[in-house]
file coords17.tsv (TSV, C-alpha atoms)
chain	number	residue	atom	x	y	z
A	1	MET	CA	36.30	-17.90	-160.23
A	2	PHE	CA	36.94	-17.41	-156.54
A	3	TYR	CA	36.87	-14.10	-154.72
A	4	SER	CA	39.23	-12.74	-152.09
A	5	GLN	CA	36.74	-10.34	-150.53
A	6	PRO	CA	36.43	-10.86	-146.76
A	7	GLY	CA	33.48	-12.81	-145.46
A	8	LEU	CA	30.26	-11.01	-144.75
A	9	ARG	CA	28.57	-11.37	-141.40
A	10	PRO	CA	24.82	-11.13	-140.75
A	11	ARG	CA	23.51	-7.65	-140.00
A	12	THR	CA	24.07	-6.13	-136.58
A	13	TRP	CA	22.15	-7.85	-133.81
A	14	GLU	CA	20.36	-5.75	-131.22
A	15	ALA	CA	19.63	-6.87	-127.67
A	16	SER	CA	16.09	-7.01	-126.37
A	17	SER	CA	15.13	-4.68	-123.55
A	18	PRO	CA	15.28	-7.43	-120.86
A	19	GLU	CA	18.66	-8.58	-122.16
A	20	HIS	CA	20.05	-5.05	-122.19
A	21	LYS	CA	18.78	-4.60	-118.63
A	22	LYS	CA	20.54	-7.81	-117.58
A	23	TRP	CA	23.85	-6.59	-119.01
A	24	VAL	CA	23.56	-3.33	-117.08
A	25	GLU	CA	22.77	-5.25	-113.90
A	26	VAL	CA	25.82	-7.48	-114.39
A	27	PHE	CA	27.99	-4.41	-114.90
A	28	LYS	CA	26.73	-2.88	-111.67
A	29	ALA	CA	27.12	-6.15	-109.78
A	30	CYS	CA	30.73	-6.49	-110.89
A	31	ASP	CA	31.51	-2.85	-110.13
A	32	GLU	CA	31.26	-3.51	-106.41
A	33	ASP	CA	32.93	-0.26	-105.33
A	34	ASN	CA	30.77	1.88	-107.65
A	35	LYS	CA	33.87	3.08	-109.49
A	36	GLY	CA	31.91	3.63	-112.69
A	37	TYR	CA	34.09	1.19	-114.60
A	38	LEU	CA	35.21	-2.46	-114.58
A	39	SER	CA	38.76	-3.46	-113.88
A	40	ARG	CA	40.38	-6.38	-115.68
A	41	GLU	CA	39.28	-8.81	-112.96
A	42	ASP	CA	35.79	-7.30	-112.82
A	43	PHE	CA	35.46	-7.87	-116.58
A	44	LYS	CA	36.45	-11.52	-116.25
A	45	VAL	CA	33.75	-12.06	-113.63
A	46	ALA	CA	31.19	-10.33	-115.85
A	47	VAL	CA	32.02	-12.63	-118.78
A	48	VAL	CA	31.63	-15.68	-116.57
A	49	MET	CA	28.22	-14.42	-115.43
A	50	LEU	CA	26.99	-13.70	-118.97
A	51	PHE	CA	28.69	-16.34	-121.10
A	52	GLY	CA	29.69	-19.08	-118.67
A	53	TYR	CA	33.44	-19.10	-119.29
A	54	LYS	CA	36.51	-17.31	-117.99
A	55	PRO	CA	38.20	-15.20	-120.71
A	56	SER	CA	41.76	-16.08	-121.59
A	57	LYS	CA	44.68	-13.74	-120.96
A	58	ILE	CA	44.79	-12.95	-124.68
A	59	GLU	CA	41.10	-11.98	-124.76
A	60	ALA	CA	41.38	-9.91	-121.59
A	61	ASP	CA	44.50	-8.15	-122.93
A	62	SER	CA	42.73	-7.41	-126.21
A	63	VAL	CA	39.70	-5.91	-124.46
A	64	MET	CA	41.70	-3.82	-122.02
A	65	SER	CA	43.93	-2.46	-124.77
A	66	SER	CA	40.86	-1.31	-126.74
A	67	VAL	CA	39.30	0.81	-123.98
A	68	ASP	CA	39.72	4.56	-123.64
A	69	PRO	CA	43.27	5.12	-122.31
A	70	ASN	CA	42.03	8.12	-120.32
A	71	THR	CA	39.90	5.87	-118.10
A	72	SER	CA	40.94	3.33	-115.51
A	73	GLY	CA	38.81	0.54	-116.92
A	74	ILE	CA	35.78	-0.41	-119.01
A	75	ARG	CA	32.92	2.09	-118.79
A	76	LEU	CA	29.30	0.96	-119.10
A	77	LYS	CA	28.94	2.07	-122.73
A	78	GLU	CA	32.11	0.20	-123.73
A	79	PHE	CA	31.02	-2.85	-121.77
A	80	LEU	CA	27.63	-2.99	-123.51
A	81	ASP	CA	29.32	-2.72	-126.92
A	82	ILE	CA	31.75	-5.52	-126.05
A	83	VAL	CA	28.96	-7.78	-124.84
A	84	ARG	CA	26.84	-7.08	-127.93
A	85	LYS	CA	29.72	-8.01	-130.24
A	86	LYS	CA	30.40	-11.18	-128.29
A	87	LYS	CA	26.73	-12.10	-128.51
A	88	GLU	CA	26.74	-11.45	-132.27
A	89	ALA	CA	29.75	-13.72	-132.72
A	90	GLN	CA	28.11	-16.40	-130.57
A	91	LEU	CA	24.88	-16.30	-132.58
A	92	TYR	CA	26.73	-16.26	-135.89
A	93	ARG	CA	28.74	-19.35	-134.96
A	94	SER	CA	25.50	-21.05	-133.93
A	95	GLU	CA	24.02	-20.31	-137.37
A	96	VAL	CA	27.12	-21.66	-139.11
A	97	ARG	CA	26.80	-24.83	-137.01
A	98	HIS	CA	23.16	-25.02	-138.09
A	99	ILE	CA	24.19	-24.96	-141.77
A	100	PHE	CA	26.96	-27.50	-141.21
A	101	THR	CA	24.44	-29.86	-139.60
A	102	ALA	CA	22.10	-29.36	-142.56
A	103	PHE	CA	24.91	-30.47	-144.90
A	104	ASP	CA	25.90	-33.34	-142.57
A	105	ARG	CA	22.86	-35.53	-143.21
A	106	HIS	CA	24.53	-38.61	-141.68
A	107	TYR	CA	25.61	-36.86	-138.46
A	108	ARG	CA	29.24	-37.94	-138.87
A	109	GLY	CA	30.76	-34.66	-137.73
A	110	TYR	CA	32.39	-34.02	-141.10
A	111	LEU	CA	31.32	-33.44	-144.71
A	112	THR	CA	32.27	-35.42	-147.78
A	113	LEU	CA	32.14	-34.45	-151.45
A	114	GLU	CA	28.90	-36.41	-151.70
A	115	ASP	CA	27.38	-34.28	-148.92
A	116	PHE	CA	28.32	-31.15	-150.86
A	117	LYS	CA	26.83	-32.51	-154.07
A	118	LYS	CA	23.52	-33.36	-152.39
A	119	ALA	CA	23.28	-30.00	-150.62
A	120	PHE	CA	24.09	-27.96	-153.73
A	121	LYS	CA	21.75	-30.08	-155.83
A	122	GLN	CA	18.89	-29.04	-153.59
A	123	VAL	CA	19.61	-25.30	-153.47
A	124	ALA	CA	21.65	-24.76	-156.67
A	125	PRO	CA	20.65	-27.47	-159.16
A	126	LYS	CA	22.26	-25.66	-162.12
A	127	LEU	CA	25.71	-25.64	-160.56
A	128	SER	CA	28.09	-28.01	-162.36
A	129	GLU	CA	29.80	-30.87	-160.54
A	130	ARG	CA	33.16	-29.44	-161.60
A	131	ILE	CA	32.52	-26.22	-159.68
A	132	ILE	CA	31.20	-28.13	-156.66
A	133	LEU	CA	34.38	-30.22	-156.71
A	134	GLU	CA	36.53	-27.07	-156.85
A	135	VAL	CA	34.60	-25.54	-153.94
A	136	PHE	CA	35.00	-28.73	-151.92
A	137	ARG	CA	38.74	-28.85	-152.56
A	138	GLU	CA	39.09	-25.21	-151.48
A	139	VAL	CA	37.18	-25.79	-148.25
A	140	ASP	CA	38.94	-29.11	-147.50
A	141	GLN	CA	42.12	-27.39	-146.30
A	142	ASP	CA	44.12	-30.49	-145.39
A	143	SER	CA	42.95	-32.43	-148.49
A	144	ASP	CA	41.90	-35.49	-146.52
A	145	GLY	CA	38.52	-35.77	-148.25
A	146	HIS	CA	36.68	-34.61	-145.14
A	147	VAL	CA	35.52	-31.08	-144.30
A	148	SER	CA	35.48	-30.59	-140.54
A	149	PHE	CA	33.37	-27.96	-138.82
A	150	LYS	CA	36.55	-25.92	-138.35
A	151	ASP	CA	37.21	-26.03	-142.12
A	152	PHE	CA	33.60	-25.13	-142.87
A	153	GLU	CA	33.52	-22.28	-140.35
A	154	TYR	CA	36.75	-20.84	-141.78
A	155	ALA	CA	35.28	-20.94	-145.29
A	156	MET	CA	32.08	-19.24	-144.14
A	157	ASN	CA	34.05	-16.50	-142.41
A	158	SER	CA	36.19	-16.04	-145.52
A	159	GLY	CA	33.09	-15.58	-147.67
A	160	GLN	CA	33.77	-15.08	-151.36
A	161	LYS	CA	37.32	-16.39	-151.13
A	162	PHE	CA	35.82	-19.87	-151.27
A	163	TRP	CA	32.41	-19.54	-152.86
A	164	PRO	CA	32.18	-19.02	-156.66
A	165	ARG	CA	29.97	-16.60	-158.56
A	166	GLY	CA	26.80	-18.43	-159.53
A	167	ALA	CA	27.07	-20.94	-156.68
A	168	TRP	CA	23.49	-20.12	-155.75
A	169	ASP	CA	20.81	-20.16	-158.42
A	170	LEU	CA	18.91	-16.85	-158.57
A	171	SER	CA	15.44	-18.39	-158.78
A	172	SER	CA	16.26	-20.69	-155.87
A	173	LEU	CA	17.29	-17.72	-153.75
A	174	THR	CA	14.19	-15.68	-154.52
A	175	ARG	CA	11.94	-18.55	-153.37
A	176	MET	CA	13.63	-18.75	-149.97
A	177	GLU	CA	11.94	-17.69	-146.78
A	178	PRO	CA	12.86	-15.22	-145.53
A	179	ALA	CA	13.86	-13.73	-148.89
A	180	PRO	CA	17.30	-12.08	-149.10
A	181	PRO	CA	17.04	-8.31	-148.54
A	182	ALA	CA	18.52	-7.03	-151.81
A	183	LEU	CA	17.89	-8.78	-155.13
A	184	ALA	CA	20.62	-6.70	-156.73
A	185	THR	CA	23.24	-8.65	-154.78
A	186	LEU	CA	21.97	-12.12	-155.60
A	187	ASN	CA	24.47	-12.71	-158.38
A	188	ARG	CA	27.19	-12.97	-155.73
A	189	TRP	CA	27.82	-15.62	-153.14
A	190	THR	CA	28.11	-14.26	-149.62
A	191	ALA	CA	28.07	-15.78	-146.15
A	192	ARG	CA	24.66	-14.18	-145.60
A	193	GLU	CA	23.12	-16.06	-148.54
A	194	ALA	CA	24.78	-19.20	-147.23
A	195	LEU	CA	23.00	-18.75	-143.92
A	196	VAL	CA	19.64	-18.37	-145.66
A	197	ALA	CA	20.35	-21.36	-147.87
A	198	GLY	CA	21.36	-23.47	-144.91
A	199	LYS	CA	18.00	-22.78	-143.33
A	200	LYS	CA	16.30	-23.93	-146.52
A	201	LEU	CA	18.18	-27.24	-146.38
A	202	VAL	CA	16.53	-28.21	-143.11
A	203	ILE	CA	12.98	-27.08	-143.92
call {"tool": "encode", "arguments": {"input": "coords17.tsv", "output": "structure tokens"}}
result
Amino acid sequence: MFYSQPGLRPRTWEASSPEHKKWVEVFKACDEDNKGYLSREDFKVAVVMLFGYKPSKIEADSVMSSVDPNTSGIRLKEFLDIVRKKKEAQLYRSEVRHIFTAFDRHYRGYLTLEDFKKAFKQVAPKLSERIILEVFREVDQDSDGHVSFKDFEYAMNSGQKFWPRGAWDLSSLTRMEPAPPALATLNRWTAREALVAGKKLVI
């Protein structure tokens, strides 16, 4: 019933022209000596300027280990790609939070089985309570009867590992605005459909 395929993220996000210009300006501002690249410390400053937090040692190590070993730091092209991916992740998490809030009608900060039943009843009325219960138990990782945002986010990122085939009724999906891009894939549950469905819950 449940799938082990990795979660599916929304399609690639592209920066607007003003945003892209801002990223270039931040790169230049942090490259004070006009080296043509950002050092580890330069990168940390750039992240603070763009995202408002100082990257951890683990994040900085990960970024620096991924750059071209033939260069002394992060070139502009690499920097723009890193920033775009960070922005994508930030927006995706915001959308997941949006869906979680749509499920959490009582603003308690966690979801109960009853919350799941009400949400699925609205967007997938043909889904049996047995399947909803199985989904809830899968998502409720510590089996305390409450699904925290962390649990929910993990399930969304894991995609079909948690969500069963048929979890979303086909006719319900085709009535959604905006409509999913490919009707051929509507017989599967994916994180993308979940995002669309979550938007429907708060309309």
call {"tool": "atom_distance", "arguments": {"input": "coords17.tsv", "atom1": "CA of Met49 (chain A)", "atom2": "CA of Tyr92 (chain A)"}}
result
20.6 Å
call {"tool": "atom_distance", "arguments": {"input": "coords17.tsv", "atom1": "CA of Trp23 (chain A)", "atom2": "CA of Ser72 (chain A)"}}
result
20.1 Å
call {"tool": "closest_residue", "arguments": {"input": "coords17.tsv", "among": "A:Glu78, A:Asp68, A:Glu129, A:Asp151", "to": "Gly109 (chain A)", "atoms": "only C-alpha atoms"}}
result
A:Asp151
call {"tool": "closest_residue", "arguments": {"input": "coords17.tsv", "among": "A:Glu88, A:Asp31, A:Asp42, A:Glu138", "to": "Ser158 (chain A)", "atoms": "only C-alpha atoms"}}
result
A:Glu138
call {"tool": "residues_around", "arguments": {"input": "coords17.tsv", "residues": "Val24 (chain A)", "least_positions_apart": "6", "cutoff": "9 Å", "atoms": "only C-alpha atoms", "output": "PDB file with C-alpha atoms, in the coordinates of the input"}}
result
ATOM      1  CA  LEU A  76      29.300   0.960-119.100  1.00  0.00           C
ATOM      2  CA  PHE A  79      31.020  -2.850-121.770  1.00  0.00           C
ATOM      3  CA  LEU A  80      27.630  -2.990-123.510  1.00  0.00           C
TER       4      LEU A  80
END
call {"tool": "atom_distance", "arguments": {"input": "coords17.tsv", "atom1": "CA of Phe100 (chain A)", "atom2": "CA of Asp142 (chain A)"}}
result
17.9 Å
call {"tool": "closest_residue", "arguments": {"input": "coords17.tsv", "among": "A:Leu38, A:Val147, A:Ile74, A:Met64", "to": "Phe103 (chain A)", "atoms": "all atoms listed in the file"}}
result
A:Val147
call {"tool": "residues_around", "arguments": {"input": "coords17.tsv", "residues": "Ala15 (chain A)", "least_positions_apart": "3", "cutoff": "9 Å", "atoms": "all atoms listed in the file", "output": "ChimeraX atom specification"}}
result
/A:18-20,84,87
call {"tool": "closest_residue", "arguments": {"input": "coords17.tsv", "among": "A:Arg75, A:Lys118, A:Gln141, A:Asn157", "to": "Lys35 (chain A)", "atoms": "all atoms listed in the file"}}
result
A:Arg75
call {"tool": "residues_near_point", "arguments": {"input": "coords17.tsv", "point": "(33.1, -6.7, -116.1)", "cutoff": "9 Å", "atoms": "all atoms listed in the file", "output": "JSON, numbers by chain"}}
result
{"A": [26, 27, 28, 29, 30, 31, 37, 38, 39, 40, 41, 42, 43, 44, 45, 46, 47, 74, 79]}
call {"tool": "residues_near_point", "arguments": {"input": "coords17.tsv", "point": "(36.2, -27.6, -149.7)", "cutoff": "12 Å", "atoms": "only C-alpha atoms", "output": "PyMOL selection string"}}
result
chain A and resi 110-117+131-156+161-164
call {"tool": "axis_aligned_box", "arguments": {"input": "coords17.tsv", "around": "region 43-56 of chain A", "padding_each_side": "8 Å", "output": "AutoDock Vina command-line options"}}
result
--center_x 34.4 --center_y -13.5 --center_z -117.6 --size_x 30.8 --size_y 27.2 --size_z 24.0
call {"tool": "closest_residue", "arguments": {"input": "coords17.tsv", "among": "A:Val67, A:Ile82, A:Ala119, A:Ser62", "to": "Ile99 (chain A)", "atoms": "all atoms listed in the file"}}
result
A:Ala119
